[in-house]
$ cat start23.txt   # compact mmCIF, C-alpha atoms and all ligand atoms
# COMPACT_ATOMS: atom_id res chain seq x y z
CA MET F 1 13.20 38.82 -13.79
CA HIS F 2 12.32 41.95 -15.72
CA PHE F 3 9.11 42.33 -13.69
CA HIS F 4 11.03 41.96 -10.44
CA LYS F 5 13.51 44.71 -11.39
CA SER F 6 10.88 47.30 -12.30
CA GLY F 7 9.04 46.37 -9.09
CA SER F 8 12.03 47.27 -6.91
CA LEU F 9 12.66 50.43 -8.96
CA SER F 10 9.18 51.74 -8.31
CA PHE F 11 9.61 50.80 -4.65
CA ILE F 12 12.76 52.94 -4.54
CA SER F 13 11.04 55.86 -6.27
CA LEU F 14 8.13 55.53 -3.81
CA ILE F 15 10.59 55.80 -0.90
CA LEU F 16 12.30 58.76 -2.60
CA SER F 17 9.09 60.70 -3.11
CA LEU F 18 7.99 59.96 0.46
CA THR F 19 11.34 61.26 1.74
CA LEU F 20 11.06 64.41 -0.38
CA ALA F 21 7.52 65.00 0.86
CA LEU F 22 8.72 64.72 4.47
CA VAL F 23 11.65 67.08 3.92
CA SER F 24 9.47 69.69 2.23
CA CYS F 25 7.13 69.68 5.25
CA GLU F 26 9.95 70.47 7.70
CA ASP F 27 10.72 74.00 8.85
CA VAL F 28 14.07 75.19 7.56
CA LEU F 29 16.02 77.85 9.43
CA GLU F 30 17.04 80.30 6.71
CA SER F 31 18.73 82.91 8.91
CA GLU F 32 19.07 84.02 12.51
CA GLN F 33 20.40 87.11 14.20
CA VAL F 34 21.09 87.86 17.85
CA VAL F 35 19.33 91.20 18.36
CA TYR F 36 19.97 91.60 22.06
CA SER F 37 22.37 89.91 24.47
CA ASN F 38 23.18 91.06 27.99
CA ASP F 39 24.94 89.25 30.83
CA PHE F 40 25.12 92.57 32.75
CA SER F 41 28.94 92.30 33.07
CA THR F 42 29.28 95.75 31.44
CA LEU F 43 26.64 97.18 33.84
CA ASN F 44 24.50 98.14 30.86
CA LEU F 45 20.77 98.43 31.59
CA ALA F 46 19.84 100.29 28.39
CA ASN F 47 16.48 99.16 26.99
CA PHE F 48 15.33 98.00 30.46
CA GLU F 49 12.49 99.23 32.62
CA ASN F 50 12.91 98.62 36.36
CA GLY F 51 16.34 97.08 35.85
CA ARG F 52 18.84 97.14 38.72
CA LEU F 53 22.06 95.30 39.37
CA PHE F 54 23.82 93.65 42.29
CA ILE F 55 26.70 91.24 42.72
CA PHE F 56 26.17 87.71 43.99
CA GLN F 57 28.63 84.81 43.86
CA GLN F 58 31.11 87.00 41.87
CA ASP F 59 28.45 87.43 39.17
CA THR F 60 26.63 90.64 38.22
CA LEU F 61 22.91 89.88 38.24
CA MET F 62 19.84 91.95 37.50
CA GLY F 63 17.71 91.83 40.61
CA PHE F 64 16.73 90.86 43.06
CA TYR F 65 12.95 91.01 42.76
CA HIS F 66 9.90 90.00 44.77
CA ASN F 67 6.45 90.87 43.46
CA GLU F 68 7.95 92.99 40.70
CA GLU F 69 8.41 93.11 36.94
CA ALA F 70 11.35 94.10 34.80
CA SER F 71 11.16 94.39 31.04
CA VAL F 72 13.36 95.00 28.04
CA THR F 73 12.17 96.55 24.77
CA ILE F 74 14.02 96.22 21.47
CA HIS F 75 13.08 98.27 18.39
CA ASP F 76 13.98 98.07 14.69
CA LEU F 77 14.18 94.28 14.53
CA PRO F 78 15.24 92.73 11.22
CA GLY F 79 12.48 90.94 9.30
CA HIS F 80 11.65 87.63 10.99
CA ASN F 81 8.81 85.21 11.70
CA VAL F 82 10.20 83.36 14.73
CA MET F 83 11.86 84.59 17.91
CA LYS F 84 13.99 82.80 20.48
CA VAL F 85 14.21 84.19 24.02
CA GLU F 86 16.84 82.75 26.37
CA VAL F 87 17.01 83.67 30.05
CA GLU F 88 19.30 82.60 32.88
CA LEU F 89 17.09 82.69 35.97
CA TRP F 90 18.33 82.49 39.57
CA ILE F 91 15.75 81.39 42.16
CA HIS F 92 16.81 82.52 45.65
CA ASP F 93 15.90 81.22 49.11
CA SER F 94 12.64 79.60 50.21
CA TRP F 95 10.44 79.34 47.09
CA ASP F 96 7.49 77.09 47.91
CA GLY F 97 6.35 75.93 44.47
CA ASN F 98 2.77 74.77 43.85
CA PRO F 99 0.96 74.60 47.21
CA ASP F 100 -1.94 77.07 47.21
CA ASP F 101 -2.32 77.84 50.94
CA GLY F 102 -2.59 81.64 50.73
CA ILE F 103 0.39 82.01 53.09
CA SER F 104 3.41 80.75 51.21
CA GLY F 105 2.23 79.89 47.72
CA PRO F 106 1.83 79.29 44.92
CA ASP F 107 5.11 80.96 43.98
CA ILE F 108 4.55 81.95 40.34
CA TRP F 109 7.20 83.22 37.92
CA TYR F 110 6.33 84.32 34.39
CA MET F 111 7.74 85.64 31.15
CA LYS F 112 5.65 87.63 28.69
CA VAL F 113 6.31 88.66 25.11
CA ASP F 114 4.35 91.75 24.04
CA GLY F 115 2.02 91.21 27.01
CA ASP F 116 1.23 87.53 26.39
CA ASP F 117 2.42 84.83 28.78
CA ILE F 118 4.93 82.49 27.19
CA ILE F 119 5.84 80.91 30.55
CA ARG F 120 3.74 80.86 33.69
CA THR F 121 5.14 78.40 36.19
CA THR F 122 6.25 77.83 39.78
CA PHE F 123 9.62 77.05 41.35
CA SER F 124 10.47 75.32 44.62
CA ASN F 125 13.73 75.27 46.61
CA SER F 126 12.25 73.01 49.26
CA PRO F 127 13.83 69.81 50.53
CA CYS F 128 12.21 66.75 48.97
CA GLU F 129 11.86 63.75 51.23
CA SER F 130 9.15 61.15 51.63
CA LEU F 131 7.25 63.16 54.25
CA PHE F 132 7.93 66.67 52.96
CA CYS F 133 8.33 67.89 49.41
CA LEU F 134 6.87 71.09 47.97
CA LYS F 135 6.54 70.35 44.26
CA GLN F 136 7.08 72.83 41.42
CA SER F 137 5.53 73.10 37.98
CA TYR F 138 8.70 73.93 35.99
CA PRO F 139 9.75 72.69 33.40
CA ASN F 140 6.02 72.69 32.63
CA ASP F 141 3.61 75.55 33.06
CA TYR F 142 1.53 75.81 36.26
CA PHE F 143 -0.05 73.41 37.36
CA ARG F 144 2.11 70.28 37.16
CA GLN F 145 3.72 68.28 39.97
CA ASN F 146 7.48 68.09 39.37
CA ASP F 147 10.16 67.71 42.03
CA PRO F 148 11.90 70.85 43.37
CA ARG F 149 14.80 72.02 41.12
CA SER F 150 13.58 69.96 38.12
CA GLY F 151 15.30 71.19 34.97
CA ALA F 152 17.92 73.23 36.85
CA VAL F 153 21.46 73.68 35.50
CA GLU F 154 23.00 74.44 38.92
CA THR F 155 21.66 73.59 42.37
CA ASN F 156 24.58 73.91 44.78
CA ILE F 157 24.55 77.70 45.29
CA PRO F 158 23.84 79.28 48.70
CA GLY F 159 20.70 81.30 49.33
CA LEU F 160 20.82 85.08 48.93
CA CYS F 161 19.20 86.29 52.16
CA LEU F 162 17.09 84.09 54.46
CA PHE F 163 19.15 81.00 53.61
CA GLY F 164 22.38 82.88 52.76
CA ALA F 165 24.36 80.55 55.01
CA PHE F 166 22.97 77.37 53.44
CA PRO F 167 23.95 75.64 50.19
CA ARG F 168 21.24 74.52 47.76
CA TYR F 169 19.05 77.58 48.36
CA THR F 170 19.75 79.30 45.06
CA THR F 171 18.89 77.35 41.92
CA LYS F 172 19.94 78.38 38.43
CA TYR F 173 17.86 77.66 35.31
CA ARG F 174 18.45 78.31 31.61
CA ILE F 175 15.09 78.83 29.97
CA THR F 176 14.67 78.88 26.19
CA LYS F 177 11.40 79.69 24.47
CA ILE F 178 10.82 79.80 20.73
CA ILE F 179 7.69 81.58 19.56
CA ARG F 180 6.09 82.89 16.38
CA HIS F 181 6.76 86.63 16.17
CA THR F 182 6.79 89.07 13.27
CA ALA F 183 6.46 92.61 14.74
CA SER F 184 9.34 95.05 14.26
CA SER F 185 9.73 95.60 18.01
CA VAL F 186 9.44 93.35 21.03
CA LYS F 187 8.91 93.77 24.76
CA VAL F 188 9.97 90.90 27.01
CA THR F 189 8.66 91.11 30.56
CA LEU F 190 9.91 89.02 33.47
CA GLY F 191 7.92 88.97 36.69
CA ASP F 192 6.53 87.06 39.63
CA GLU F 193 3.51 86.65 41.85
CA LEU F 194 5.32 85.45 44.95
CA VAL F 195 3.22 84.73 48.05
CA GLN F 196 4.72 84.98 51.54
CA THR F 197 2.39 86.62 54.05
CA ASN F 198 3.88 85.32 57.32
CA THR F 199 7.00 87.54 57.37
CA ASP F 200 7.88 91.25 57.59
CA ASP F 201 10.53 90.81 54.89
CA PRO F 202 9.11 88.67 52.08
CA ALA F 203 11.91 89.68 49.63
CA CYS F 204 14.40 88.08 52.02
CA ASP F 205 12.26 84.95 52.20
CA GLU F 206 12.25 84.43 48.44
CA SER F 207 13.33 86.36 45.35
CA TRP F 208 14.72 85.95 41.82
CA SER F 209 17.40 87.44 39.61
CA ILE F 210 18.49 87.32 35.98
CA GLY F 211 22.06 86.41 35.00
CA GLU F 212 21.65 86.76 31.26
CA ILE F 213 19.05 87.46 28.60
CA LYS F 214 19.43 86.88 24.87
CA ILE F 215 16.93 87.51 22.08
CA THR F 216 17.39 86.03 18.61
CA THR F 217 15.22 86.68 15.57
CA MET F 218 14.91 83.94 12.95
CA VAL F 219 13.54 83.45 9.50
CA VAL F 220 12.04 79.98 9.18
CA ILE F 221 10.55 78.79 5.89
CA CA P 1 9.01 80.96 51.27
CA CA P 2 6.33 81.63 48.98
$ encode --input "start23.txt" --output "structure tokens" --more "lines below"
Ligand SMILES: [Ca+2]
Ligand SMILES: [Ca+2]
Amino acid sequence: MHFHKSGSLSFISLILSLTLALVSCEDVLESEQVVYSNDFSTLNLANFENGRLFIFQQDTLMGFYHNEEASVTIHDLPGHNVMKVEVELWIHDSWDGNPDDGISGPDIWYMKVDGDDIIRTTFSNSPCESLFCLKQSYPNDYFRQNDPRSGAVETNIPGLCLFGAFPRYTTKYRITKIIRHTASSVKVTLGDELVQTNTDDPACDESWSIGEIKITTMVVI
């Protein structure tokens, strides 16, 4: 009886020490601070390079872009070791996703932090039926075969230009990336390498806009 009791006690202490070991290995968020947040509703483009605004679906967006970059730079960040970047991305009109035919794709979109890619992917607004479906890489990086609009938060928005009269030709995504970052300033660059050689007006054929961008610094121990 005595032996049995001490046996279960040491079993409990073994479980306890295992649990403590697991907890001590986990990252703990000690603090976080939103250092930049802009939904463009106040028409503020401070900190941006190549920013411009337009109104679409009663929403002020930064855009639209085709084969362009826009970037935001924030200085004097509080001390941190992790950064979260959140972007609301609107994908307009006839994005063709992965196919690499030199005429209409691949339709790449990327986000860089301090010059390094943290997302490099493709989007597709194509129909997806058994005989025709242009796949996209998002939510993964290029190259992966996911269905058009995978990971979207809203799909029933009309196109902006070429397909302005058709629903389901603007797709909205909320993208969140968490990266290691310690520098006291940061430059976030958003851009594309869209391919559409068979038209005089490629920006009408396909483009993108930003509805919101938010940058949060974190201290994780
Ligand atoms: Ca296209
Ligand atoms: Ca294209």
$ atom_distance --input "start23.txt" --atom1 "atom CA of Glu129 of chain F" --atom2 "atom CA of Ile175 of chain F"
26.3 Å
$ residues_around --input "start23.txt" --residues "Asp147 of chain F" --least-positions-apart "4" --cutoff "9 Å" --atoms "only C-alpha atoms" --output "PyMOL selection string"
chain F and resi 124+128+133-138
$ residues_near_ligand --input "start23.txt" --ligand "ligand CA 1 (chain P)" --cutoff "9 Å" --atoms "only C-alpha atoms and all ligand atoms" --output "ChimeraX atom specification"
/F:93-97,103-105,107,124-126,194-196,202,204-206
$ axis_aligned_box --input "start23.txt" --around "segment 154-171 of chain F" --padding-each-side "8 Å" --output "AutoDock Vina command-line options"
--center_x 20.8 --center_y 79.9 --center_z 47.0 --size_x 23.5 --size_y 28.7 --size_z 32.1
$ atom_distance --input "start23.txt" --atom1 "atom CA of Asn44 of chain F" --atom2 "atom CA of Ser184 of chain F"
22.7 Å
$ residues_near_point --input "start23.txt" --point "(15.6, 79.8, 28.8)" --cutoff "12 Å" --atoms "all atoms listed in the file" --output "PyMOL selection string"
chain F and resi 84-90+110-111+118-119+138-139+151-153+172-178+190+210-215
$ atom_distance --input "start23.txt" --atom1 "atom CA of Val82 of chain F" --atom2 "atom CA of Thr216 of chain F"
8.6 Å
$ residues_around --input "start23.txt" --residues "Val72 of chain F" --least-positions-apart "5" --cutoff "6 Å" --atoms "all atoms listed in the file" --output "count of residues only"
4
$ closest_residue --input "start23.txt" --among "F:Ser207, F:Gln145, F:Ser130, F:Asn81" --to "Ala183 of chain F" --atoms "only C-alpha atoms"
F:Asn81
$ residues_around --input "start23.txt" --residues "Ile157 of chain F" --least-positions-apart "3" --cutoff "10 Å" --atoms "all atoms listed in the file" --output "short mmCIF file (atom, residue, chain, number, x, y, z; two decimals) with C-alpha atoms, keeping the file's coordinate frame"
data_model
loop_
_atom_site.label_atom_id
_atom_site.label_comp_id
_atom_site.auth_asym_id
_atom_site.auth_seq_id
_atom_site.Cartn_x
_atom_site.Cartn_y
_atom_site.Cartn_z
CA GLN F 57 28.63 84.81 43.86
CA TRP F 90 18.33 82.49 39.57
CA HIS F 92 16.81 82.52 45.65
CA GLU F 154 23.00 74.44 38.92
CA LEU F 160 20.82 85.08 48.93
CA GLY F 164 22.38 82.88 52.76
CA PHE F 166 22.97 77.37 53.44
CA PRO F 167 23.95 75.64 50.19
CA ARG F 168 21.24 74.52 47.76
CA TYR F 169 19.05 77.58 48.36
CA THR F 170 19.75 79.30 45.06
CA THR F 171 18.89 77.35 41.92
CA LYS F 172 19.94 78.38 38.43
#
$ closest_residue --input "start23.txt" --among "F:Thr155, F:Leu45, F:Asp192, F:His80" --to "Thr121 of chain F" --atoms "all atoms listed in the file"
F:Asp192
$ closest_residue --input "start23.txt" --among "F:Tyr36, F:Tyr65, F:Phe132, F:Phe123" --to "ligand CA 2 (chain P)" --atoms "all atoms listed in the file"
F:Phe123
$ closest_residue --input "start23.txt" --among "F:Asp114, F:Gln58, F:Thr182, F:Glu193" --to "Met218 of chain F" --atoms "all atoms listed in the file"
F:Thr182
$ residues_near_point --input "start23.txt" --point "(14.9, 90.6, 45.0)" --cutoff "7 Å" --atoms "all atoms listed in the file" --output "PyMOL selection string"
chain F and resi 63-66+203+207-209
$ closest_residue --input "start23.txt" --among "F:Asp141, F:Leu131, F:Asp27, F:Trp109" --to "ligand CA 2 (chain P)" --atoms "all atoms listed in the file"
F:Trp109
$ closest_residue --input "start23.txt" --among "F:Tyr142, F:Arg180, F:Val113, F:Gly191" --to "Val220 of chain F" --atoms "only C-alpha atoms"
F:Arg180
